[in-house]
Amino acid sequence: MGNWRIKFSLFLIYFVFAILLNSVGTVILQVIKNYDLSHADASVLEGFKDLPIAIVSFLVASFLPRFGFRNAMMTGLLLVTFACLAMPLVPAFLTTKLLFLTVGVSFALVKVSVYSTVGLITHGRKEHASFMNTLEGIFMTGVLVGYGLFSYFVEDGMPKSQNWLNVYWLLAALTALSILIIYFTPLDESEAHHEGSTIGQDFMDMMRLVIRPIGYIFVVSAFLYVLIEQGIGTWLPTFNNEVLMLPESMSIQATSIFAATLAIGRLSAGMVMARFDWYPVLNVCVLAVGALILISLPMAENIAHNPNVTWLDAPAASYIFPLIGLFLAPIYPAINSAVLSALPKYQHSEMTGLIVIFSALGGTTGSIITGTVFGEMGGSTAFYLSLIPLTGLLASLFFFKRETSRMAGMEADTQH
């Protein structure tokens, strides 16, 4: 029963952070209008979120088992609670930057702790992979709910309205509730401790993971995946508004289709992975994403503005393009589970640190590149360019599969 309480706690924490982290695209759309910013200026919000994730993960990932995963999660949630309260109380672009800075710092603490805890409460690679897909599915469900929440508070046709900031009262209440639940949930963290090691040794162990083949091939795969997903997810609300000519609230709601397909893809991926090897599945997924990009973006050309547009006469691209989420969905949890399952539990915190660092760097890179190209050459061109890292991901998955197979073979030889 204790395990279920822990799992519920992890689900709730991930759900709350999903709303906050993936609100960047919606917030960019609002601050461009509220504070008269350019696309390039607004794109820095992704950096304020992702760079602290990378930096803090680098500094503390190897230390967190000593500090305690529960303590780290509660600390992160407390910081975010105060940042959310500041948004409606002190409305400004600087406050928005500080919010995402705080969310980034806190998520570094939370993600390393959550991923490491998964290794403590699951047994075997199949259960680990299944729970990781469910966890990431809950995350995407949070993203989907977040789009609905923000679109409810946005006022169409009123670019200077700050009514959307009221959503942060609700988010502050959710983070405070999460603190209470994790506080009353016990967790045995003894397996995460590497007996006899020092903080310096733990940090160097994390560094050594990067130079191992499984480490550097994995981080390239994770970096490219997040670059693609964040580049699209962050700028999809603006694409819907400026290219597909949808109203602001409808642009946010249409983006929720992307979040919904990611959630469905991840929640169902566990069953698929139980029957098929992950490598051919992910190859099919990458090729399907490329095909949908090539099919849907031509439909987004030369769309006339219709102030009375409804869901019945919305451009076909607003429905078809977000379906790429179904095929993007299984990639991230599958490669994360594969690399963590290949390592001893006391190294999960260190490996998760690398996952978080390079995911954050990929997210920032994807958002800034997409935003810059969006502003200079248009939204369709920006999304067409995602085919380049998609090709790189296909190649990196080949080498990642080869290395995990080699490690599995070495483990089998050792057991015999």
# chains A, B, ... in the order shown; residues from 1 in each chain; ligands from 1

$ closest_atom_pairs --of "stretch 278-388 of chain A" --to "stretch 11-24 of chain A" --cutoff "12 Å" --atoms "only C-alpha atoms" --output "JSON lines"
{"residue": "A:Ala360", "atom": "CA", "partner": "A:Leu21", "partner_atom": "CA", "distance": 11.0}
{"residue": "A:Gly363", "atom": "CA", "partner": "A:Leu21", "partner_atom": "CA", "distance": 10.9}
{"residue": "A:Thr364", "atom": "CA", "partner": "A:Val24", "partner_atom": "CA", "distance": 11.2}
{"residue": "A:Ser367", "atom": "CA", "partner": "A:Val24", "partner_atom": "CA", "distance": 9.9}

$ write_last_selection --atoms "N, CA and C atoms" --output "PDB file, in the first residue's frame"
ATOM      1  N   ALA A 360      17.227  19.870 -20.761  1.00  0.00           N
ATOM      2  CA  ALA A 360      17.042  21.311 -20.618  1.00  0.00           C
ATOM      3  C   ALA A 360      17.763  22.075 -21.720  1.00  0.00           C
ATOM      4  N   GLY A 363      15.847  21.685 -24.889  1.00  0.00           N
ATOM      5  CA  GLY A 363      14.626  22.477 -24.890  1.00  0.00           C
ATOM      6  C   GLY A 363      14.889  23.944 -25.189  1.00  0.00           C
ATOM      7  N   THR A 364      15.916  24.498 -24.533  1.00  0.00           N
ATOM      8  CA  THR A 364      16.268  25.902 -24.772  1.00  0.00           C
ATOM      9  C   THR A 364      16.715  26.123 -26.210  1.00  0.00           C
ATOM     10  N   SER A 367      13.708  25.928 -28.621  1.00  0.00           N
ATOM     11  CA  SER A 367      12.810  27.078 -28.539  1.00  0.00           C
ATOM     12  C   SER A 367      13.422  28.326 -29.164  1.00  0.00           C
TER      13      SER A 367
END

$ residues_around --residues "A:Gly233" --least-positions-apart "4" --cutoff "12 Å" --atoms "only C-alpha atoms" --output "compact mmCIF listing (two decimals) with C-alpha atoms, in the first residue's frame"
# COMPACT_ATOMS: atom_id res chain seq x y z
CA LEU A 21 6.81 23.97 -17.44
CA ASN A 22 4.70 23.70 -20.55
CA SER A 23 2.89 26.97 -20.04
CA VAL A 24 5.86 28.72 -21.71
CA GLY A 25 4.26 28.72 -25.15
CA THR A 26 1.00 30.14 -23.80
CA ILE A 28 4.97 33.77 -24.63
CA GLU A 46 12.49 29.13 -22.39
CA MET A 140 1.40 15.10 -20.57
CA VAL A 143 0.18 19.68 -19.97
CA LEU A 144 -3.25 19.10 -21.51
CA TYR A 147 -3.76 24.46 -21.79
CA VAL A 226 13.69 17.50 -26.52
CA LEU A 227 14.91 20.03 -29.08
CA ILE A 228 12.19 18.78 -31.44
CA GLU A 229 9.39 18.46 -28.89
CA PRO A 237 0.19 28.44 -29.81
CA THR A 238 1.86 31.29 -31.72
CA PHE A 239 1.83 29.21 -34.94
CA ASN A 240 -1.91 28.59 -34.50
CA ILE A 252 -4.17 27.57 -26.93
CA ALA A 254 -5.77 23.73 -30.41
CA THR A 255 -2.32 23.25 -28.90
CA SER A 256 -3.96 21.00 -26.32
CA ILE A 257 -4.48 18.47 -29.15
CA PHE A 258 -0.69 18.12 -29.28
CA ALA A 259 -0.57 17.60 -25.51
CA ALA A 260 -3.45 15.11 -25.68
CA THR A 261 -1.75 13.02 -28.35
CA LEU A 262 1.46 13.00 -26.29
CA PHE A 321 -0.14 18.66 -37.34
CA PRO A 322 -0.58 18.03 -33.56
CA ILE A 324 2.77 14.06 -34.36
CA GLY A 325 2.50 13.87 -30.57
CA LEU A 328 6.84 11.52 -30.48
CA GLY A 363 14.63 22.48 -24.89
CA THR A 364 16.27 25.90 -24.77
CA GLY A 366 14.91 24.17 -29.79
CA SER A 367 12.81 27.08 -28.54
CA THR A 370 12.43 27.92 -33.64
CA GLY A 371 11.53 31.36 -32.28
CA PHE A 383 8.60 23.75 -38.22
CA SER A 386 12.60 20.20 -37.30

$ residues_around --residues "A:Phe218" --least-positions-apart "6" --cutoff "10 Å" --atoms "only C-alpha atoms" --output "list in words"
Val210, Arg212, Ile335, Asn336, Ala338, Val339, Leu354, Ile355, Phe358, Ser396, Leu397, Phe399, Phe400, Lys401, Glu403 and Thr404 of chain A

$ residues_around --residues "A:Asp277" --least-positions-apart "6" --cutoff "12 Å" --atoms "only C-alpha atoms" --output "JSON, numbers by chain"
{"A": [126, 129, 269, 270, 271, 283, 284, 334, 335, 338, 401, 405]}

$ closest_residue --among "A:Leu246, A:Val356, A:Leu294, A:Leu361" --to "A:Ser113" --atoms "only C-alpha atoms"
A:Val356

$ residues_around --residues "A:Val103" --least-positions-apart "2" --cutoff "12 Å" --atoms "only C-alpha atoms" --output "count of residues only"
43

$ atom_distance --atom1 "atom CA of A:Ala173" --atom2 "atom CA of A:Ala42"
26.9 Å

$ residues_around --residues "A:Ile303" --least-positions-apart "2" --cutoff "9 Å" --atoms "only C-alpha atoms" --output "number ranges by chain"
A: 243-245, 299-301, 305-306, 315

$ residues_around --residues "A:Phe69" --least-positions-apart "4" --cutoff "10 Å" --atoms "only C-alpha atoms" --output "PyMOL selection string"
chain A and resi 64-65+73-75+109-117+187-189+192+349

$ write_last_selection --atoms "C-alpha atoms" --output "PDB file, in the first residue's frame"
ATOM      1  CA  LEU A  64      20.594  14.687  -3.710  1.00  0.00           C
ATOM      2  CA  PRO A  65      20.715  11.114  -2.307  1.00  0.00           C
ATOM      3  CA  MET A  73      10.801  17.582  -3.793  1.00  0.00           C
ATOM      4  CA  MET A  74       9.291  19.600  -0.939  1.00  0.00           C
ATOM      5  CA  THR A  75      11.936  22.331  -1.329  1.00  0.00           C
ATOM      6  CA  LEU A 109      15.411  19.080  -7.805  1.00  0.00           C
ATOM      7  CA  VAL A 110      12.090  17.389  -8.519  1.00  0.00           C
ATOM      8  CA  LYS A 111      12.944  15.466 -11.697  1.00  0.00           C
ATOM      9  CA  VAL A 112      16.182  13.985 -10.354  1.00  0.00           C
ATOM     10  CA  SER A 113      14.304  12.987  -7.195  1.00  0.00           C
ATOM     11  CA  VAL A 114      11.294  11.548  -9.029  1.00  0.00           C
ATOM     12  CA  TYR A 115      13.324   9.528 -11.554  1.00  0.00           C
ATOM     13  CA  SER A 116      15.591   8.207  -8.806  1.00  0.00           C
ATOM     14  CA  THR A 117      12.569   7.259  -6.685  1.00  0.00           C
ATOM     15  CA  LEU A 187       9.962   6.653   1.434  1.00  0.00           C
ATOM     16  CA  ASP A 188      12.840   4.255   2.043  1.00  0.00           C
ATOM     17  CA  GLU A 189      15.823   5.836   0.247  1.00  0.00           C
ATOM     18  CA  ALA A 192      20.089   5.159  -3.338  1.00  0.00           C
ATOM     19  CA  SER A 349      20.462  10.039  -9.464  1.00  0.00           C
TER      20      SER A 349
END
